[in-house]
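Colleague: File follows, structure_38.csv with CSV, C-alpha atoms:
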```csv
chain,number,residue,atom,x,y,z
N,103,MET,CA,4.2,24.2,21.1
N,104,ALA,CA,5.0,23.7,17.5
N,105,ASP,CA,6.9,27.0,17.0
N,106,SER,CA,8.6,27.1,20.4
N,107,HIS,CA,11.9,25.7,19.0
N,108,ALA,CA,13.6,26.0,15.6
N,109,ALA,CA,14.2,22.2,15.7
N,110,SER,CA,10.7,21.2,16.6
N,111,PRO,CA,9.8,17.5,16.4
N,112,LEU,CA,6.6,18.5,14.6
N,113,ALA,CA,6.7,18.7,10.8
N,114,HIS,CA,4.9,21.8,9.6
N,115,GLN,CA,2.2,19.9,7.6
N,116,PHE,CA,0.8,18.3,10.7
N,117,GLU,CA,-1.7,19.8,13.2
N,118,ASP,CA,-0.1,18.2,16.2
N,119,LEU,CA,2.3,15.4,17.3
N,120,GLU,CA,-0.6,12.9,17.6
N,121,GLN,CA,-1.6,13.5,14.0
N,122,GLN,CA,2.0,13.1,12.9
N,123,GLN,CA,2.4,9.9,14.8
N,124,GLU,CA,-0.8,8.5,13.4
N,125,ALA,CA,0.2,9.4,9.8
N,126,ALA,CA,3.5,7.6,10.2
N,127,SER,CA,1.9,4.5,11.6
N,128,LEU,CA,-0.9,4.5,9.0
N,129,GLY,CA,1.8,4.7,6.2
N,130,MET,CA,3.5,1.6,7.6
N,131,TRP,CA,0.2,-0.2,8.0
N,132,VAL,CA,-0.7,0.5,4.4
N,133,PHE,CA,2.7,-0.9,3.3
N,134,LEU,CA,2.1,-3.9,5.5
N,135,ALA,CA,-1.2,-4.5,3.7
N,136,THR,CA,0.7,-4.8,0.4
N,137,GLU,CA,3.1,-7.2,2.2
N,138,VAL,CA,0.1,-9.3,3.2
N,139,MET,CA,-0.8,-9.6,-0.4
N,140,PHE,CA,2.8,-10.3,-1.4
N,141,PHE,CA,3.2,-13.2,1.0
N,142,GLY,CA,-0.5,-14.1,0.4
N,143,GLY,CA,0.3,-15.2,-3.2
N,144,LEU,CA,2.9,-17.6,-1.9
N,145,PHE,CA,0.6,-18.9,0.8
N,146,ALA,CA,-2.2,-19.4,-1.8
N,147,GLY,CA,0.2,-21.3,-4.2
N,148,TYR,CA,1.4,-23.4,-1.3
N,149,THR,CA,-2.1,-24.3,-0.2
N,150,ILE,CA,-3.1,-25.4,-3.7
N,151,TYR,CA,-0.1,-27.5,-4.5
N,152,ARG,CA,-0.1,-29.1,-1.0
N,153,ASN,CA,-3.6,-30.2,-1.7
N,154,LEU,CA,-2.8,-31.4,-5.2
N,155,TYR,CA,0.2,-33.5,-4.1
N,156,PRO,CA,-0.2,-34.4,-0.4
N,157,PRO,CA,2.3,-37.3,-0.2
N,158,GLY,CA,5.3,-35.4,-1.6
N,159,PHE,CA,4.6,-32.3,0.5
N,160,GLU,CA,4.2,-34.4,3.7
N,161,ALA,CA,7.4,-36.3,2.9
N,162,GLY,CA,9.2,-32.9,2.3
N,163,SER,CA,7.8,-31.5,5.5
N,164,HIS,CA,9.1,-34.5,7.4
N,165,MET,CA,12.6,-33.9,6.1
N,166,LEU,CA,12.8,-30.5,7.9
N,167,ASN,CA,14.1,-30.3,11.4
N,168,VAL,CA,11.3,-29.3,13.8
N,169,THR,CA,13.6,-28.6,16.7
N,170,ILE,CA,15.6,-26.0,14.7
N,171,GLY,CA,12.3,-24.5,13.4
N,172,ALA,CA,10.8,-24.2,16.9
N,173,ILE,CA,14.1,-22.7,18.3
N,174,ASN,CA,14.0,-20.2,15.5
N,175,THR,CA,10.4,-19.4,16.3
N,176,ALA,CA,11.4,-18.7,19.9
N,177,VAL,CA,14.3,-16.5,18.7
N,178,LEU,CA,11.9,-14.4,16.6
N,179,ILE,CA,9.4,-14.1,19.5
N,180,CYS,CA,12.2,-13.0,21.8
N,181,SER,CA,13.2,-10.4,19.2
N,182,SER,CA,9.6,-9.2,19.0
N,183,LEU,CA,9.6,-8.7,22.8
N,184,THR,CA,12.9,-6.7,22.7
N,185,MET,CA,11.6,-4.7,19.8
N,186,ALA,CA,8.4,-3.8,21.8
N,187,LEU,CA,10.5,-2.9,24.8
N,188,ALA,CA,12.7,-0.8,22.5
N,189,VAL,CA,9.7,1.2,21.3
N,190,ARG,CA,8.6,1.6,25.0
N,191,ALA,CA,12.1,2.9,25.9
N,192,ALA,CA,11.9,5.4,23.0
N,193,GLN,CA,8.5,6.5,24.2
N,194,MET,CA,9.9,7.1,27.7
N,195,GLY,CA,13.0,8.8,26.3
N,196,LYS,CA,15.4,6.3,27.9
N,197,ARG,CA,18.3,6.4,25.5
N,198,ASN,CA,20.4,3.7,27.1
N,199,ALA,CA,17.6,1.2,27.3
N,200,LEU,CA,16.6,2.0,23.7
N,201,VAL,CA,20.2,1.3,22.5
N,202,THR,CA,20.4,-1.9,24.5
N,203,PHE,CA,17.1,-3.2,23.2
N,204,LEU,CA,17.9,-2.3,19.6
N,205,ILE,CA,21.2,-4.2,19.9
N,206,LEU,CA,19.4,-7.2,21.3
N,207,THR,CA,16.7,-7.1,18.6
N,208,THR,CA,19.3,-6.9,15.8
N,209,ALA,CA,21.4,-9.7,17.3
N,210,LEU,CA,18.4,-12.0,17.6
N,211,GLY,CA,17.4,-11.2,14.0
N,212,LEU,CA,20.9,-12.0,12.8
N,213,ALA,CA,20.9,-15.2,14.9
N,214,PHE,CA,17.7,-16.3,13.2
N,215,VAL,CA,19.1,-15.8,9.7
N,216,LEU,CA,22.4,-17.5,10.7
N,217,ILE,CA,20.6,-20.5,12.2
N,218,LYS,CA,18.5,-20.7,9.0
N,219,LEU,CA,21.6,-20.4,6.7
N,220,THR,CA,24.1,-22.7,8.5
N,221,LEU,CA,22.0,-25.3,10.1
N,222,GLU,CA,19.1,-25.6,7.6
N,223,TRP,CA,19.7,-24.3,4.1
N,224,ARG,CA,23.3,-25.6,4.0
N,225,HIS,CA,22.1,-29.0,5.3
N,226,ASP,CA,19.3,-29.2,2.8
N,227,TYR,CA,21.7,-28.3,0.0
N,228,LEU,CA,24.2,-30.9,1.0
N,229,GLU,CA,21.5,-33.5,1.3
N,230,GLY,CA,20.6,-32.8,-2.3
N,231,LEU,CA,17.3,-31.1,-1.6
N,232,ALA,CA,17.9,-27.8,-3.3
N,233,PRO,CA,15.9,-27.5,-6.5
N,234,GLY,CA,17.9,-26.0,-9.4
N,235,LEU,CA,21.2,-26.2,-7.5
N,236,ASN,CA,21.6,-29.7,-6.2
N,237,PHE,CA,18.5,-31.9,-6.2
N,238,THR,CA,19.3,-35.6,-6.2
N,239,PHE,CA,16.4,-37.1,-4.3
N,240,ALA,CA,15.1,-40.0,-6.3
N,241,GLY,CA,12.6,-41.7,-4.0
N,242,PRO,CA,8.8,-41.9,-4.6
N,243,ASP,CA,7.1,-38.5,-5.2
N,244,ALA,CA,10.4,-37.0,-6.2
N,245,LYS,CA,8.7,-34.4,-8.4
N,246,SER,CA,6.2,-33.2,-5.9
N,247,LEU,CA,8.9,-33.2,-3.2
N,248,GLU,CA,11.0,-31.0,-5.4
N,249,LEU,CA,8.0,-28.6,-5.7
N,250,PHE,CA,7.7,-28.6,-1.9
N,251,PHE,CA,11.3,-27.6,-1.6
N,252,CYS,CA,10.8,-24.9,-4.2
N,253,PHE,CA,8.1,-23.4,-2.0
N,254,TYR,CA,10.3,-23.9,1.1
N,255,PHE,CA,13.3,-22.1,-0.2
N,256,ILE,CA,11.4,-19.3,-1.8
N,257,MET,CA,9.1,-18.6,1.2
N,258,THR,CA,11.9,-18.9,3.8
N,259,GLY,CA,14.3,-17.1,1.5
N,260,VAL,CA,11.9,-14.1,1.0
N,261,HIS,CA,11.2,-14.1,4.7
N,262,ALA,CA,15.0,-14.1,5.5
N,263,LEU,CA,15.4,-11.2,3.0
N,264,HIS,CA,12.8,-9.3,5.0
N,265,MET,CA,14.7,-10.0,8.2
N,266,MET,CA,17.9,-8.6,6.6
N,267,VAL,CA,16.1,-5.5,5.5
N,268,GLY,CA,14.8,-5.2,9.1
N,269,VAL,CA,18.4,-5.7,10.5
N,270,GLY,CA,19.5,-2.9,8.2
N,271,VAL,CA,16.7,-0.5,9.3
N,272,LEU,CA,17.5,-1.3,13.0
N,273,SER,CA,21.2,-0.6,12.5
N,274,VAL,CA,20.4,2.8,11.2
N,275,LEU,CA,18.1,3.4,14.1
N,276,LEU,CA,20.8,2.2,16.5
N,277,VAL,CA,23.2,4.8,15.2
N,278,GLN,CA,20.5,7.5,15.5
N,279,ALA,CA,19.6,6.3,19.0
N,280,TRP,CA,23.2,6.3,20.0
N,281,LYS,CA,23.4,10.0,19.0
N,282,GLY,CA,20.3,10.8,21.0
N,283,HIS,CA,17.9,11.5,18.1
N,284,PHE,CA,14.9,10.0,19.8
N,285,GLY,CA,12.8,11.3,22.6
N,286,PRO,CA,9.2,11.1,24.0
N,287,ASN,CA,8.1,13.5,21.2
N,288,HIS,CA,10.1,12.0,18.5
N,289,PHE,CA,10.1,8.2,18.2
N,290,ASN,CA,8.0,7.6,15.0
N,291,ALA,CA,10.9,5.9,13.2
N,292,VAL,CA,11.3,3.4,16.1
N,293,GLU,CA,7.5,2.8,16.2
N,294,THR,CA,7.2,2.2,12.5
N,295,ALA,CA,10.3,0.0,12.3
N,296,GLY,CA,8.7,-2.0,15.2
N,297,LEU,CA,5.5,-2.5,13.2
N,298,TYR,CA,7.6,-3.9,10.3
N,299,TRP,CA,9.6,-6.1,12.6
N,300,HIS,CA,6.5,-7.6,14.2
N,301,PHE,CA,4.9,-8.2,10.8
N,302,VAL,CA,7.9,-10.2,9.7
N,303,ASP,CA,7.5,-12.2,13.0
N,304,ILE,CA,3.9,-12.8,12.1
N,305,VAL,CA,4.8,-14.2,8.7
N,306,TRP,CA,7.2,-16.7,10.4
N,307,ILE,CA,4.4,-17.6,12.8
N,308,PHE,CA,2.5,-18.9,9.8
N,309,LEU,CA,5.4,-20.3,7.9
N,310,PHE,CA,6.5,-22.5,10.8
N,311,PRO,CA,3.4,-24.7,11.1
N,312,LEU,CA,2.7,-24.7,7.4
N,313,LEU,CA,6.2,-25.9,6.4
N,314,TYR,CA,7.4,-27.9,9.4
N,315,LEU,CA,4.3,-29.2,11.2
N,316,ILE,CA,1.5,-29.7,8.7
N,317,GLY,CA,1.0,-33.4,7.8
N,318,GLY,CA,1.9,-34.3,11.4
N,319,ARG,CA,5.0,-35.8,12.9
N,320,TYR,CA,3.5,-38.9,14.5
T,91,MET,CA,-0.2,12.1,22.5
T,92,GLN,CA,-1.1,8.7,21.2
T,93,ASP,CA,1.9,7.1,22.8
T,94,HIS,CA,0.0,4.8,25.1
T,95,LEU,CA,2.6,3.4,27.4
T,96,VAL,CA,2.0,-0.3,27.8
T,97,PRO,CA,3.1,-1.7,31.1
T,98,LYS,CA,6.2,-3.9,30.9
T,99,SER,CA,4.4,-6.8,32.6
T,100,LEU,CA,1.8,-7.0,29.8
T,101,TYR,CA,4.6,-7.3,27.2
T,102,PHE,CA,6.1,-10.2,29.3
T,103,LEU,CA,2.6,-11.8,29.6
T,104,ILE,CA,2.1,-11.7,25.8
T,105,PHE,CA,5.7,-13.0,25.3
T,106,GLY,CA,5.0,-15.9,27.7
T,107,SER,CA,1.7,-16.7,25.9
T,108,LEU,CA,3.5,-16.7,22.5
T,109,MET,CA,6.2,-19.1,23.8
T,110,ALA,CA,3.5,-21.4,25.3
T,111,LEU,CA,1.5,-21.4,22.1
T,112,THR,CA,4.7,-22.3,20.1
T,113,ALA,CA,5.4,-25.2,22.5
T,114,LEU,CA,1.7,-26.2,22.2
T,115,THR,CA,1.6,-26.2,18.4
T,116,THR,CA,4.9,-28.1,18.2
T,117,GLY,CA,3.6,-30.7,20.6
T,118,MET,CA,0.2,-31.0,18.9
T,119,ALA,CA,2.0,-32.0,15.6
T,120,TYR,CA,3.0,-35.3,17.3
T,121,VAL,CA,-0.6,-36.2,18.1
T,122,ASP,CA,-2.5,-37.9,15.3
T,123,MET,CA,-5.7,-36.0,14.7
T,124,GLY,CA,-6.1,-36.6,11.0
T,125,GLN,CA,-7.4,-33.5,9.2
T,126,TRP,CA,-7.6,-31.6,12.5
T,127,ASN,CA,-3.8,-31.3,12.7
T,128,THR,CA,-3.8,-28.7,10.0
T,129,ILE,CA,-6.8,-26.8,11.4
T,130,VAL,CA,-5.4,-26.8,15.0
T,131,ALA,CA,-2.0,-25.6,13.7
T,132,LEU,CA,-3.6,-22.8,11.8
T,133,ILE,CA,-5.9,-21.7,14.7
T,134,ILE,CA,-2.9,-21.5,17.0
T,135,ALA,CA,-0.9,-19.5,14.4
T,136,GLY,CA,-3.9,-17.2,14.1
T,137,CYS,CA,-4.1,-16.7,17.9
T,138,LYS,CA,-0.3,-15.9,18.0
T,139,ALA,CA,-0.6,-13.4,15.1
T,140,THR,CA,-3.6,-11.8,16.8
T,141,LEU,CA,-1.6,-11.4,20.1
T,142,VAL,CA,1.3,-9.8,18.2
T,143,ALA,CA,-0.9,-7.4,16.2
T,144,LEU,CA,-3.0,-6.4,19.2
T,145,PHE,CA,-0.3,-5.8,21.8
T,146,PHE,CA,3.2,-5.7,20.2
T,147,MET,CA,1.9,-3.7,17.3
T,148,HIS,CA,-0.4,-1.6,19.6
T,149,LEU,CA,-3.5,-2.2,17.5
T,150,ARG,CA,-5.5,-2.5,20.6
T,151,TRP,CA,-4.9,1.2,21.3
T,152,SER,CA,-4.6,2.5,17.7
T,153,PRO,CA,-7.2,4.6,15.9
T,154,ARG,CA,-9.8,2.6,14.0
T,155,LEU,CA,-8.3,3.6,10.7
T,156,MET,CA,-5.3,1.3,11.2
T,157,ARG,CA,-7.7,-1.6,12.0
T,158,VAL,CA,-9.6,-0.9,8.8
T,159,VAL,CA,-6.4,-1.1,6.8
T,160,LEU,CA,-5.5,-4.4,8.4
T,161,LEU,CA,-9.0,-5.8,7.9
T,162,SER,CA,-9.1,-4.7,4.3
T,163,ALA,CA,-5.7,-6.5,3.7
T,164,LEU,CA,-7.1,-9.6,5.3
T,165,LEU,CA,-10.3,-9.3,3.3
T,166,TRP,CA,-8.3,-9.1,0.0
T,167,LEU,CA,-6.2,-12.0,1.2
T,168,ALA,CA,-9.4,-14.1,1.8
T,169,ILE,CA,-10.6,-13.2,-1.7
T,170,LEU,CA,-7.2,-14.2,-3.2
T,171,ILE,CA,-7.1,-17.5,-1.4
T,172,SER,CA,-10.8,-18.5,-1.6
T,173,LEU,CA,-11.3,-17.7,-5.3
T,174,THR,CA,-8.1,-19.4,-6.4
T,175,THR,CA,-8.8,-22.5,-4.4
T,176,THR,CA,-12.4,-22.7,-5.5
T,177,ASP,CA,-11.2,-22.5,-9.1
T,178,PHE,CA,-8.6,-25.2,-8.7
T,179,PHE,CA,-10.7,-27.7,-6.7
T,180,SER,CA,-13.9,-27.4,-8.8
T,181,ARG,CA,-12.3,-27.9,-12.2
T,182,ASP,CA,-13.1,-31.7,-12.2
T,183,TRP,CA,-16.7,-31.2,-11.2
T,184,THR,CA,-18.0,-30.6,-14.8
T,185,PRO,CA,-17.2,-33.2,-17.5
T,186,ILE,CA,-15.3,-32.1,-20.6
T,187,PRO,CA,-17.7,-32.4,-23.7
T,188,GLU,CA,-16.9,-35.4,-25.9
T,189,GLY,CA,-14.9,-34.7,-29.1
T,190,TRP,CA,-14.1,-31.1,-28.5
T,191,GLU,CA,-10.5,-31.7,-29.7
T,192,GLU,CA,-11.7,-32.4,-33.3
T,193,SER,CA,-13.5,-29.2,-33.5
T,194,SER,CA,-12.8,-27.2,-36.7
T,195,LEU,CA,-11.9,-24.3,-34.5
T,196,VAL,CA,-8.7,-26.0,-33.4
T,197,ARG,CA,-6.1,-25.6,-36.1
T,198,PRO,CA,-2.6,-26.9,-36.1
T,199,PRO,CA,-0.1,-24.1,-35.3
T,200,ILE,CA,1.8,-22.6,-38.2
T,201,PRO,CA,5.6,-22.7,-37.8
T,202,PRO,CA,6.9,-19.1,-37.7
T,203,GLY,CA,9.2,-19.5,-40.7
T,204,ASN,CA,6.3,-20.6,-43.0
T,205,LEU,CA,4.0,-17.7,-42.2
T,206,ILE,CA,4.8,-15.8,-45.5
T,207,SER,CA,4.9,-18.8,-47.9
T,208,GLN,CA,1.9,-20.7,-46.4
T,209,VAL,CA,-0.4,-17.9,-45.2
T,210,LEU,CA,0.4,-14.5,-46.6
T,211,LYS,CA,1.3,-15.4,-50.2
T,212,PRO,CA,-1.7,-17.7,-50.8
T,213,SER,CA,-4.1,-15.2,-49.4
T,214,LEU,CA,-2.6,-12.5,-51.5
T,215,HIS,CA,-2.9,-14.7,-54.6
T,216,ARG,CA,-6.5,-15.5,-53.8
T,217,TYR,CA,-7.2,-11.8,-53.4
T,218,LEU,CA,-5.5,-10.9,-56.7
T,219,SER,CA,-7.2,-13.7,-58.6
T,220,ALA,CA,-10.5,-12.5,-57.2
T,221,LEU,CA,-9.7,-9.1,-58.8
T,222,GLY,CA,-8.9,-10.8,-62.1
T,223,VAL,CA,-5.1,-10.3,-61.9
T,224,PRO,CA,-3.3,-13.4,-63.1
T,225,PRO,CA,-0.6,-14.5,-60.6
T,226,ARG,CA,2.9,-13.9,-61.8
T,227,ALA,CA,4.6,-17.0,-63.3
T,228,SER,CA,8.0,-16.3,-61.7
T,229,SER,CA,8.0,-17.9,-58.3
T,230,SER,CA,10.8,-19.7,-56.4
```
So that I can check it, write out the structure of this file as structure tokens.
Modeller:
Amino acid sequence: MADSHAASPLAHQFEDLEQQQEAASLGMWVFLATEVMFFGGLFAGYTIYRNLYPPGFEAGSHMLNVTIGAINTAVLICSSLTMALAVRAAQMGKRNALVTFLILTTALGLAFVLIKLTLEWRHDYLEGLAPGLNFTFAGPDAKSLELFFCFYFIMTGVHALHMMVGVGVLSVLLVQAWKGHFGPNHFNAVETAGLYWHFVDIVWIFLFPLLYLIGGRY
Amino acid sequence: MQDHLVPKSLYFLIFGSLMALTALTTGMAYVDMGQWNTIVALIIAGCKATLVALFFMHLRWSPRLMRVVLLSALLWLAILISLTTTDFFSRDWTPIPEGWEESSLVRPPIPPGNLISQVLKPSLHRYLSALGVPPRASSS
């Protein structure tokens, strides 16, 4: 099977396609383990400072727009669905479905970042809630509120950066899919990009309640 | 091949559950449950993350090696968070001993510019006088 074609999908260092597939996925999982630690440091810092300064962090959380946050969560979950369907299309060798789902996933990812940028970050900046750039809030707990917004901008900013990297990866895959690179024996790139995309979704699944909901809205 | 083909209907079922859980966690934020608000929000987030990992990321059908990698990442994350928080929140439990500030171990810091004139030169003079060499008279 391996030496039947010159352009075999099986690289020569692997025994068979299954081993090749597992090696690719394992590599991505190990990378994601490092990403867990990367975001974990931010989550640990957030946990500590939220517990040290509860009033400022709750006040800051109440200044965020829950509706936009929930809509963005839905956008990301939709993009995860289309990504999963894209991997499925690649597994079945359906080129047109793969291209369609990759376009949808990229578009939803861009929509997420655009909503974040235009409706949230821009608004927070204009309201004087951007530490270091324009922070004019002078109410009670102003210092710990500033700390909350430091965490908010860095955590959502790093997450949005991951989204943009994902959009870049998906764009490359889109071109390759358009040219018909992928097939039932050759979809590792789509599968591993999917793992990355779903991981970034999971990070947001935790960011949304921690930043927008904790402290309650009642 | 490992390419376990997941039925489309299962993906849509997971998608529906994730959307429902998002609505649930948003709604629960408007109910006053005291400390439980945080716990409920984190439990729901954990359920959503588990659904994504098991089905969208195919962990349910993956070899055990991938699960070991994920679990080791979560174990290290638990160590990171638990050790850091136990340090921070137990610092006030033991009293600070009285009068430790006046300890002779605590010296005032030496300004960097005075290092030569106040530390190195006097110690050199002490060393030389101990050897019996008289210090030179010419000094600024």
Colleague: Pick from N:Leu200, N:Phe214, N:Gly285, N:Ala172: nearest to Ala119 (chain T), with all atoms listed in the file counted?
Modeller: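 Nearest candidate to Ala119 (chain T) out of N:Leu200, N:Phe214, N:Gly285, N:Ala172: N:Ala172.
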Colleague: Using Å and a single decimal, report how far CA of Ala199 (chain N) sits from CA of Leu100 (chain T).
Modeller: 18.0 Å
Colleague: Counting all atoms listed in the file, which of T:Leu221, T:Ala139, T:Leu149, T:Leu161 gets nearest to chain N?
Modeller: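 Of all the options, T:Ala139 lies closest to chain N.
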Colleague: Which residues of chain T are close to chain N, meaning at most 6 Å apart when you count only C-alpha atoms, and how do they look as number ranges by chain?
Modeller: T: 91-92, 119-120, 128, 135, 139, 146-147, 156, 163, 171
Colleague: Figure out the distance between CA of His261 (chain N) and CA of Tyr155 (chain N), please, to one decimal in Å.
Modeller: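 Separation of CA of Tyr155 (chain N) and CA of His261 (chain N): 24.0 Å.
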Colleague: Would you mind telling me which residue in T:Thr115, T:Ser207, T:Ser107, T:Ser180 lies nearest to Ile133 (chain T) when using only C-alpha atoms?
Modeller: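 Ranking T:Thr115, T:Ser207, T:Ser107, T:Ser180 by distance to Ile133 (chain T), first place goes to T:Thr115.
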Colleague: Under the rule that all atoms listed in the file are counted, which of N:Leu228, N:Leu221, N:Leu313, N:Val215 is the nearest residue to Gly268 (chain N)?
Modeller: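 Of N:Leu228, N:Leu221, N:Leu313, N:Val215, the one nearest Gly268 (chain N) is N:Val215, counting all atoms listed in the file.
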Colleague: Restricting the calculation to only C-alpha atoms: of N:Leu210, N:Leu231, N:Ala279, N:Leu263, which residue gets closest to Lys245 (chain N)?
Modeller: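 That would be N:Leu231, the residue with the smallest distance to Lys245 (chain N).
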Colleague: Could you tell me how far CA of Phe253 (chain N) lies from CA of Leu165 (chain T), in Å and to one decimal?
Modeller: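 Taking CA of Phe253 (chain N) and CA of Leu165 (chain T), their separation equals 23.8 Å.
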Colleague: Show me the residues close to (20.1, 2.3, 14.3) - anything with an atom within 12 Å, counting only C-alpha atoms - and format the list as an NGL selection string.
Modeller: :N and (188 or 200-208 or 268-284 or 291-292 or 295)
Colleague: Would you list the contacts of Ile104 (chain T) as a ChimeraX atom specification, taking every protein, DNA or RNA residue within 8 Å and counting only C-alpha atoms, but skipping same-chain residues closer than 5 positions in sequence?
Modeller: /T:141-142,145
Colleague: Tell me, as an MDAnalysis selection string, which residues lie within 12 Å of Asp226 (chain N), counting only C-alpha atoms; anything in the same chain fewer than 3 positions away does not count.
Modeller: chainID N and resid 162 165:167 218:223 229:233 235:239 248 251:252 254:255
Colleague: Show which residues sit within 10 Å of Ala161 (chain N), as number ranges by chain. Count only C-alpha atoms, and ignore same-chain residues fewer than 4 positions away.
Modeller: N: 156-157, 165-166, 242-244, 246-247, 250, 317
